[in-house]
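S.K.: Sharing entry-v6.txt here; it has compact mmCIF, C-alpha atoms.
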# COMPACT_ATOMS: atom_id res chain seq x y z
CA MET X 1 18.33 -5.19 6.67
CA THR X 2 18.47 -8.55 4.94
CA THR X 3 17.41 -9.76 1.51
CA SER X 4 17.32 -13.48 0.89
CA PRO X 5 16.08 -15.51 -2.07
CA SER X 6 13.94 -18.49 -1.14
CA SER X 7 14.83 -18.12 2.52
CA SER X 8 14.10 -21.05 4.81
CA PRO X 9 10.94 -20.60 6.85
CA SER X 10 11.10 -20.19 10.59
CA PRO X 11 10.07 -23.31 12.53
CA SER X 12 7.19 -21.40 14.08
CA SER X 13 5.40 -18.10 13.75
CA ALA X 14 8.10 -16.52 15.88
CA PRO X 15 10.55 -14.13 14.28
CA SER X 16 14.05 -15.43 14.03
CA PRO X 17 16.22 -13.98 16.79
CA ALA X 18 19.20 -13.80 14.46
CA GLY X 19 20.07 -10.88 12.23
CA PRO X 20 19.65 -7.26 12.57
CA SER X 21 6.25 -6.42 4.34
CA GLY X 22 -0.99 -5.33 -1.82
CA ALA X 23 -3.83 -5.85 -0.37
CA GLY X 24 -4.46 -2.17 0.04
CA ASP X 25 -3.59 -0.37 3.24
CA ASP X 26 -6.24 2.28 2.98
CA PRO X 27 -9.80 1.01 3.29
CA THR X 28 -11.16 4.44 2.49
CA GLY X 29 -8.75 5.67 -0.14
CA ALA X 30 -8.76 5.09 -3.86
CA ALA X 31 -6.91 2.06 -5.08
CA GLY X 32 -4.28 2.14 -7.73
CA PRO X 33 -0.69 1.25 -8.48
CA THR X 34 1.99 3.50 -7.11
CA GLY X 35 5.71 3.24 -7.30
CA PRO X 36 7.85 2.65 -4.26
CA ALA X 37 8.18 5.88 -2.36
CA GLY X 38 11.75 6.84 -1.79
CA PRO X 39 12.97 9.45 0.67
CA ALA X 40 11.53 12.54 -0.94
CA ASP X 41 11.02 16.13 0.15
CA PRO X 42 7.32 16.28 1.03
CA VAL X 43 7.06 19.80 -0.35
CA ALA X 44 6.93 19.84 -4.14
CA THR X 45 9.08 22.29 -6.05
CA ALA X 46 7.21 22.46 -9.35
CA ASP X 47 5.95 25.74 -10.76
CA PRO X 48 2.51 26.44 -9.24
CA VAL X 49 1.33 27.98 -12.50
CA ALA X 50 2.24 24.86 -14.44
CA ALA X 51 0.52 22.88 -11.71
CA GLY X 52 -2.76 24.51 -12.59
CA ALA X 53 -3.32 26.25 -9.26
CA PRO X 54 -7.00 25.94 -8.43
CA GLN X 55 -9.64 27.88 -10.23
CA GLN X 56 -12.08 29.65 -7.94
CA ALA X 57 -13.46 27.02 -5.61
CA GLY X 58 -17.06 26.39 -6.52
CA PRO X 59 -19.88 24.22 -5.27
CA ALA X 60 -19.51 20.49 -5.43
CA GLY X 61 -21.78 20.35 -8.46
CA ASP X 62 -19.39 22.68 -10.26
CA GLY X 63 -16.87 19.96 -11.08
CA GLY X 64 -15.93 18.65 -7.66
CA PRO X 65 -17.24 15.61 -5.79
CA VAL X 66 -20.33 16.07 -3.65
CA GLY X 67 -19.39 16.43 0.01
CA ALA X 68 -15.64 16.74 -0.60
CA ARG X 69 -13.77 16.91 2.69
CA PRO X 70 -10.22 17.69 3.76
CA PRO X 71 -8.02 14.62 4.43
CA ALA X 72 -8.54 13.27 7.94
CA SER X 73 -5.96 10.47 8.16
CA LEU X 74 -2.87 9.07 6.51
CA SER X 75 -2.13 5.57 5.24
CA PRO X 76 1.08 4.22 3.70
CA SER X 77 -0.40 4.26 0.19
CA ARG X 78 -1.64 7.82 0.40
CA ALA X 79 1.62 8.97 2.00
CA SER X 80 3.47 7.37 -0.92
CA ASP X 81 1.08 9.08 -3.34
CA PHE X 82 1.93 12.51 -1.94
CA MET X 83 5.65 11.85 -1.99
CA GLN X 84 5.38 10.57 -5.55
CA CYS X 85 3.14 13.40 -6.78
CA PRO X 86 1.06 15.81 -4.67
CA LEU X 87 -1.42 16.27 -7.53
CA LEU X 88 -1.99 12.50 -7.66
CA TYR X 89 -2.79 12.59 -3.94
CA ARG X 90 -5.35 15.33 -4.58
CA PHE X 91 -6.99 13.40 -7.43
CA ARG X 92 -7.34 10.28 -5.29
CA VAL X 93 -8.18 11.68 -1.86
CA ILE X 94 -10.02 14.96 -2.48
CA ASP X 95 -11.40 14.74 -6.03
CA LYS X 96 -11.82 10.95 -5.77
CA LEU X 97 -11.44 10.59 -9.51
CA PRO X 98 -12.25 7.10 -10.80
CA GLU X 99 -9.44 4.82 -11.93
CA LYS X 100 -9.62 1.85 -14.25
CA PRO X 101 -8.97 -1.53 -12.62
CA SER X 102 -5.50 -2.90 -13.23
CA ALA X 103 -4.88 -6.56 -14.06
CA ALA X 104 -1.67 -6.55 -12.01
CA ALA X 105 -3.20 -4.88 -8.96
CA THR X 106 -6.28 -7.10 -9.12
CA ARG X 107 -4.09 -10.20 -9.34
CA GLY X 108 -2.33 -8.98 -6.21
CA THR X 109 -5.66 -8.61 -4.41
CA LEU X 110 -6.62 -12.14 -5.50
CA VAL X 111 -3.36 -13.68 -4.29
CA HIS X 112 -3.65 -11.86 -0.97
CA ALA X 113 -7.16 -13.28 -0.52
CA VAL X 114 -5.93 -16.83 -1.15
CA LEU X 115 -3.03 -16.50 1.29
CA GLU X 116 -5.34 -15.07 3.94
CA ARG X 117 -8.04 -17.73 3.53
CA LEU X 118 -5.57 -20.62 3.44
CA PHE X 119 -4.98 -20.19 7.17
CA ASP X 120 -8.65 -21.00 7.79
CA ASP X 121 -7.71 -24.62 7.02
CA PRO X 122 -5.96 -26.94 9.49
CA ALA X 123 -2.17 -26.76 9.19
CA VAL X 124 -1.85 -30.18 7.58
CA GLU X 125 -4.20 -29.12 4.75
CA ARG X 126 -2.24 -26.00 3.79
CA THR X 127 -0.68 -27.49 0.68
CA VAL X 128 0.22 -26.21 -2.76
CA PRO X 129 -2.63 -28.05 -4.52
CA ARG X 130 -5.14 -26.78 -1.96
CA ALA X 131 -3.94 -23.19 -2.28
CA LYS X 132 -3.95 -23.24 -6.10
CA ALA X 133 -7.42 -24.75 -6.11
CA MET X 134 -8.67 -21.76 -4.10
CA VAL X 135 -7.76 -19.25 -6.81
CA PRO X 136 -10.86 -19.61 -9.06
CA GLY X 137 -13.23 -19.50 -6.11
CA GLN X 138 -11.61 -16.41 -4.63
CA TRP X 139 -11.77 -14.74 -8.05
CA THR X 140 -15.54 -15.41 -8.11
CA ARG X 141 -15.89 -13.89 -4.65
CA LEU X 142 -13.88 -10.87 -5.72
CA LEU X 143 -16.09 -10.38 -8.78
CA GLU X 144 -19.21 -10.57 -6.64
CA SER X 145 -17.96 -7.80 -4.37
CA ARG X 146 -16.49 -5.70 -7.20
CA PRO X 147 -18.36 -6.38 -10.46
CA GLU X 148 -16.42 -3.67 -12.26
CA LEU X 149 -13.38 -5.95 -12.30
CA GLY X 150 -15.12 -7.95 -15.00
CA GLU X 151 -14.13 -5.14 -17.38
CA LEU X 152 -10.59 -6.50 -17.31
CA PHE X 153 -11.69 -9.41 -19.49
CA ALA X 154 -14.62 -7.84 -21.32
CA GLY X 155 -13.18 -8.68 -24.75
CA ASP X 156 -11.97 -12.15 -23.80
CA ALA X 157 -14.62 -14.14 -25.64
CA ASP X 158 -12.88 -17.51 -25.43
CA GLY X 159 -11.62 -17.02 -21.87
CA GLU X 160 -7.99 -17.43 -22.87
CA LEU X 161 -6.81 -14.21 -21.24
CA LEU X 162 -8.63 -14.97 -18.00
CA ALA X 163 -7.21 -18.51 -17.91
CA ARG X 164 -3.68 -17.19 -18.37
CA TRP X 165 -4.22 -14.52 -15.72
CA LEU X 166 -5.53 -17.06 -13.21
CA SER X 167 -2.58 -19.34 -14.00
CA GLU X 168 -0.18 -16.48 -13.22
CA ALA X 169 -1.93 -16.00 -9.87
CA GLU X 170 -1.57 -19.71 -9.15
CA GLN X 171 2.16 -19.52 -9.92
CA LEU X 172 2.57 -16.68 -7.41
CA VAL X 173 0.71 -18.67 -4.77
CA GLU X 174 2.89 -21.71 -5.44
CA ARG X 175 6.07 -19.67 -5.15
CA TRP X 176 5.03 -18.54 -1.69
CA PHE X 177 5.50 -22.12 -0.47
CA THR X 178 9.20 -21.89 -1.37
CA LEU X 179 9.56 -18.84 0.90
CA GLU X 180 7.42 -19.76 3.90
CA ASP X 181 5.92 -22.95 5.29
CA PRO X 182 2.26 -22.31 6.21
CA THR X 183 2.03 -25.65 8.03
CA ARG X 184 4.39 -24.20 10.65
CA LEU X 185 2.73 -20.79 10.94
CA GLU X 186 -0.25 -19.76 13.05
CA PRO X 187 -0.75 -16.03 12.47
CA ALA X 188 -2.07 -13.98 15.34
CA GLU X 189 -3.81 -11.67 12.88
CA ARG X 190 -4.57 -11.55 9.15
CA GLU X 191 -5.67 -8.49 7.18
CA LEU X 192 -5.53 -6.52 10.41
CA PHE X 193 -6.90 -2.97 10.29
CA VAL X 194 -4.87 -0.72 12.59
CA GLU X 195 -5.39 2.90 13.49
CA THR X 196 -3.82 5.26 16.01
CA GLU X 197 -3.67 8.96 16.69
CA LEU X 198 -0.34 10.58 17.45
CA GLU X 199 0.07 13.27 20.11
CA SER X 200 0.03 15.85 17.31
CA GLY X 201 -3.46 14.73 16.28
CA LEU X 202 -2.28 12.99 13.13
CA ARG X 203 -4.31 9.81 12.58
CA LEU X 204 -2.46 6.90 11.01
CA ARG X 205 -4.27 3.88 9.60
CA GLY X 206 -3.68 0.86 7.42
CA VAL X 207 -4.20 -2.86 6.89
CA ILE X 208 -1.44 -5.32 7.77
CA ASP X 209 -1.34 -8.56 5.77
CA ARG X 210 -0.16 -10.78 8.61
CA VAL X 211 1.00 -10.49 12.21
CA ASP X 212 2.95 -13.34 13.81
CA VAL X 213 3.50 -13.40 17.58
CA ALA X 214 6.09 -15.67 19.18
CA PRO X 215 5.43 -17.40 22.52
CA THR X 216 7.88 -14.89 24.00
CA GLY X 217 5.72 -12.02 22.76
CA GLU X 218 7.96 -10.89 19.89
CA VAL X 219 5.99 -9.51 16.96
CA ARG X 220 6.70 -9.98 13.27
CA ILE X 221 4.83 -7.93 10.66
CA VAL X 222 4.60 -9.59 7.25
CA ASP X 223 3.50 -8.08 3.94
CA TYR X 224 3.07 -9.93 0.65
CA LYS X 225 4.14 -8.31 -2.61
CA THR X 226 3.26 -9.92 -5.93
CA GLY X 227 5.90 -7.92 -7.77
CA LYS X 228 9.67 -8.29 -7.78
CA ALA X 229 12.02 -7.16 -5.02
CA PRO X 230 13.58 -3.73 -5.60
CA ARG X 231 17.27 -3.24 -6.16
CA PRO X 232 19.21 -2.62 -2.92
CA GLU X 233 19.42 1.13 -3.54
CA TYR X 234 15.60 1.28 -3.52
CA SER X 235 15.01 -0.94 -0.50
CA GLU X 236 14.51 2.02 1.84
CA GLY X 237 11.48 3.13 -0.18
CA ALA X 238 10.11 -0.40 -0.15
CA LEU X 239 10.41 -0.54 3.65
CA PHE X 240 8.58 2.76 4.18
CA GLN X 241 5.20 1.00 4.38
CA MET X 242 6.52 -1.52 6.88
CA LYS X 243 8.08 1.13 9.11
CA PHE X 244 4.75 2.97 9.00
CA TYR X 245 3.00 -0.17 10.29
CA ALA X 246 5.68 -0.70 12.93
CA LEU X 247 5.13 2.84 14.19
CA VAL X 248 1.37 2.31 14.42
CA VAL X 249 1.78 -0.99 16.28
CA TRP X 250 4.32 0.58 18.64
CA ARG X 251 2.01 3.49 19.46
CA LEU X 252 -0.97 1.16 19.88
CA LYS X 253 0.64 -1.65 21.87
CA GLY X 254 3.76 -0.06 23.33
CA VAL X 255 5.86 -2.81 21.73
CA VAL X 256 8.34 -2.31 18.88
CA PRO X 257 7.91 -5.20 16.40
CA ARG X 258 10.90 -7.52 16.40
CA ARG X 259 10.94 -7.93 12.63
CA LEU X 260 9.42 -6.47 9.46
CA GLN X 261 9.26 -8.88 6.56
CA LEU X 262 8.42 -8.25 2.90
CA VAL X 263 7.74 -11.40 0.89
CA TYR X 264 8.20 -10.79 -2.86
CA LEU X 265 6.32 -13.49 -4.73
CA GLY X 266 7.29 -12.11 -8.13
CA SER X 267 11.00 -12.75 -7.65
CA GLY X 268 11.10 -15.20 -4.75
CA ASP X 269 12.88 -12.85 -2.35
CA VAL X 270 12.37 -11.99 1.30
CA LEU X 271 13.40 -8.57 2.61
CA THR X 272 13.66 -8.19 6.38
CA TYR X 273 14.36 -5.29 8.71
CA ASP X 274 14.50 -5.12 12.49
CA PRO X 275 13.24 -1.71 13.69
CA VAL X 276 14.38 0.19 16.77
CA GLU X 277 12.71 3.03 18.66
CA ALA X 278 15.07 5.71 17.35
CA GLY X 279 14.29 4.74 13.78
CA LEU X 280 10.55 4.77 14.37
CA LEU X 281 10.80 8.22 15.92
CA ARG X 282 12.43 9.40 12.69
CA VAL X 283 9.55 7.89 10.72
CA GLU X 284 7.11 9.69 12.99
CA ARG X 285 8.82 13.03 12.37
CA LYS X 286 8.83 12.40 8.62
CA LEU X 287 5.12 11.60 8.62
CA GLN X 288 4.38 14.70 10.67
CA ALA X 289 6.24 16.87 8.17
CA LEU X 290 4.42 15.13 5.34
CA TRP X 291 1.06 15.77 6.99
CA GLU X 292 1.88 19.44 7.47
CA ALA X 293 2.69 19.70 3.77
CA ILE X 294 -0.62 17.99 2.92
CA ALA X 295 -2.49 20.38 5.24
CA HIS X 296 -0.83 23.35 3.54
CA ALA X 297 -1.74 22.08 0.08
CA THR X 298 -5.31 21.38 1.23
CA ALA X 299 -5.76 24.90 2.60
CA THR X 300 -4.20 26.73 -0.36
CA GLY X 301 -5.31 24.39 -3.15
CA ASP X 302 -1.71 24.32 -4.36
CA TRP X 303 -1.25 20.72 -5.47
CA ARG X 304 1.77 20.45 -7.73
CA PRO X 305 2.54 17.63 -10.13
CA ARG X 306 5.89 15.90 -9.87
CA PRO X 307 6.72 14.30 -13.22
CA THR X 308 8.48 10.93 -13.08
CA LYS X 309 8.65 7.77 -15.17
CA LEU X 310 5.60 6.57 -13.25
CA CYS X 311 3.45 9.16 -15.04
CA GLY X 312 3.12 6.71 -17.93
CA TRP X 313 0.92 4.49 -15.75
CA CYS X 314 -1.25 7.28 -14.34
CA ASP X 315 -4.97 7.28 -15.15
CA HIS X 316 -5.23 11.04 -14.76
CA GLN X 317 -3.13 12.35 -17.63
CA SER X 318 -6.18 14.00 -19.23
CA VAL X 319 -6.56 16.34 -16.24
CA CYS X 320 -2.85 16.79 -15.47
CA PRO X 321 -1.13 20.04 -16.52
CA GLU X 322 2.03 18.08 -17.38
CA PHE X 323 0.04 16.48 -20.20
CA GLY X 324 -1.85 19.59 -21.25
CA GLY X 325 -4.88 18.87 -19.10
CA THR X 326 -6.77 21.00 -16.59
CA PRO X 327 -7.59 19.69 -13.11
CA PRO X 328 -11.23 19.75 -11.97
CA VAL X 329 -12.46 22.80 -10.11
CA TYR X 330 -11.04 22.54 -6.60
CA PRO X 331 -13.96 21.51 -4.35
CA LEU X 332 -12.64 22.87 -1.04
CA PRO X 333 -12.40 26.46 0.23
CA VAL X 334 -9.06 28.09 -0.54
CA VAL X 335 -7.00 30.20 1.85
CA PRO X 336 -4.52 32.21 -0.23
CA ALA X 337 -0.91 31.75 0.82
CA PRO X 338 0.67 34.93 2.25
CA ARG X 339 2.90 36.77 -0.20
CA PRO X 340 6.54 37.14 0.77
CA GLU X 341 7.43 40.66 1.88
Could you write out this structure as structure tokens?

M.R.:
Amino acid sequence: MTTSPSSSPSPSSAPSPAGPSGAGDDPTGAAGPTGPAGPADPVATADPVAAGAPQQAGPAGDGGPVGARPPASLSPSRASDFMQCPLLYRFRVIDKLPEKPSAAATRGTLVHAVLERLFDDPAVERTVPRAKAMVPGQWTRLLESRPELGELFAGDADGELLARWLSEAEQLVERWFTLEDPTRLEPAERELFVETELESGLRLRGVIDRVDVAPTGEVRIVDYKTGKAPRPEYSEGALFQMKFYALVVWRLKGVVPRRLQLVYLGSGDVLTYDPVEAGLLRVERKLQALWEAIAHATATGDWRPRPTKLCGWCDHQSVCPEFGGTPPVYPLPVVPAPRPE
């Protein structure tokens, strides 16, 4: 694992042979900021009573979403949600509770769009001025597809807040050029949706920001982050998403990616990791255990909150028992857990 500030770009799209990633990864799941998922026990240990174990499951019109269904697949974001807080996972995946748009997350989506579209241009035209000039237009496109994002600047009569926000996005785009040279990159894929089903039946899915393939066939998976790089002790959590993608690519293509690369535009750092089969098998076992815990919670309705510092940014405090709230009526049938003898 390597972290480097303002690392020199590779002369081509090929991963460097030396040495040992948003856009969202779940096209069907709810969007929202989550903290980096560290190695956590997938089974929560909170008191089920305090968690507000489900009331009697009622019809969808009785407080739950119409046509609520059990989870059918797992993405890096939703896996991180469950490890962070099982109740948050329930609110996003099963209850599908609405969440207010976030200026930071929306800026990340905007920057991702610019970096993706820039590669539509010939290599010689991929310059800083060109990339920065794309920001306003991509913001307009984003607003057209998601009008609710306009709420972020509803009270900005003179446009000052929006101008500052767009300028911050431009700064992130400009910093990217100090970390990679797009004139020397020709991605094989951008915003690539991937999906595979493991032998156990677990379906994994996500969206990869960029895939580079060397002439020799070596694969590099790249993910852009508009925040700052984590401290070294938290790097394992940051790499969870990338190892997830590497596992999916391995199971789909039969090739272990040569390199995983996270590009942190907020701090100007690049975090790299070179996966091996043994490590990806461990990730697979972890995801299987996680899915079994999700299946158990789905069947029993026992979704427990896990209080952390990240609770301060959660949109669902009003329905969280940790804040004196009551979750919505659980919309799925409940199978009571067997009592210990």

S.K.: How many Å separate atom CA of Lys286 of chain X from atom CA of Phe244 of chain X?

M.R.: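 If I compute the distance from atom CA of Lys286 of chain X to atom CA of Phe244 of chain X, I get 10.3 Å.
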
S.K.: Nearest to Ala113 of chain X among X:Arg69, X:Arg190, X:Lys228, X:Arg184, with distances taken over only C-alpha atoms: which residue is it?

M.R.: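 Of X:Arg69, X:Arg190, X:Lys228, X:Arg184, the one nearest Ala113 of chain X is X:Arg190, counting only C-alpha atoms.
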
S.K.: Rounded to one decimal in Å, what is the spacing between atom CA of Arg164 of chain X and atom CA of Leu271 of chain X?

M.R.: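 Calculated distance between atom CA of Arg164 of chain X and atom CA of Leu271 of chain X is 28.4 Å.
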
S.K.: Tell me which protein, DNA and RNA residues are within 10 Å of segment 149-155 of chain X, counting all atoms listed in the file, leaving out same-chain ones fewer than 3 positions away, and put them as a list of chain:residue names.

M.R.: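 In the requested format, the answer is X:Lys100, X:Pro101, X:Ser102, X:Ala103, X:Thr106, X:Trp139, X:Leu142, X:Leu143, X:Glu144, X:Ser145, X:Arg146, X:Asp158, X:Gly159, X:Glu160, X:Leu161, X:Leu162, X:Trp165.
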
S.K.: Which residues are close to segment 72-75 of chain X, i.e. within 10 Å by all atoms listed in the file, leaving aside same-chain residues fewer than 2 positions away? Reply as a PyMOL selection string.

M.R.: chain X and resi 24-29+69-70+77-81+93+195-197+201-207+241+244-245+287+290-291+294-295

S.K.: Padding of 6 Å on every side, edges along x, y and z, all listed atoms of segment 80-92 of chain X included: what centre and edge lengths in Å, to one decimal, does that box have, as lines of an AutoDock Vina configuration file?

M.R.:
center_x = -0.8
center_y = 11.8
center_z = -4.3
size_x = 25.0
size_y = 20.9
size_z = 18.7

S.K.: May I ask which of the residues X:Pro321, X:Pro333, X:Pro136, X:Pro327 is the closest one to Arg306 of chain X, counting all atoms listed in the file?

M.R.: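 Going through X:Pro321, X:Pro333, X:Pro136, X:Pro327 one by one, the smallest distance to Arg306 of chain X is for X:Pro321.
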
S.K.: Using only C-alpha atoms, pick whichever of X:Phe82, X:Tyr224, X:Phe177, X:Trp250 has the shortest atom-to-atom distance to Ala238 of chain X.

M.R.: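 When distances to Ala238 of chain X are compared using only C-alpha atoms, the smallest one comes from X:Tyr224.
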
S.K.: May I ask for the distance between atom CA of Gly312 of chain X and atom CA of Glu236 of chain X, given in Å to one decimal place?

M.R.: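 Separation between atom CA of Gly312 of chain X and atom CA of Glu236 of chain X: 23.3 Å.
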
S.K.: Which residues, written as a ChimeraX atom specification, have at least one atom at most 7 Å from Ala131 of chain X, with all atoms listed in the file counted and residues fewer than 5 positions away on the same chain left out?

M.R.: /X:114,118,126,173

S.K.: Kindly indicate which residue among X:Thr216, X:Thr308, X:Thr326, X:Ser318 lies nearest to Gln84 of chain X, using only C-alpha atoms for the distances.

M.R.: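 Closest residue, counting only C-alpha atoms: X:Thr308.
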
S.K.: Select, from X:Pro336, X:Pro331, X:Gly137, X:Gly227, the residue with the minimum atom-to-atom distance to Lys96 of chain X, counting all atoms listed in the file.

M.R.: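 Among the listed residues, the smallest separation from Lys96 of chain X belongs to X:Pro331.
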
S.K.: Restricting the calculation to only C-alpha atoms: of X:Val249, X:Thr140, X:Val219, X:Leu239, which residue gets closest to Phe193 of chain X?

M.R.: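 Checking each candidate against Phe193 of chain X, we get X:Val249 as the closest.
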
S.K.: Neighbouring residues of Arg258 of chain X were defined as those with any atom within 7 Å, considering all atoms listed in the file; residues of the same chain fewer than 5 positions away were excluded. Please report them as a list in words.

M.R.: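 So, after excluding close chain neighbours, the residues are Pro15, Glu218, Val219, Arg220, Asp274 and Pro275 of chain X.
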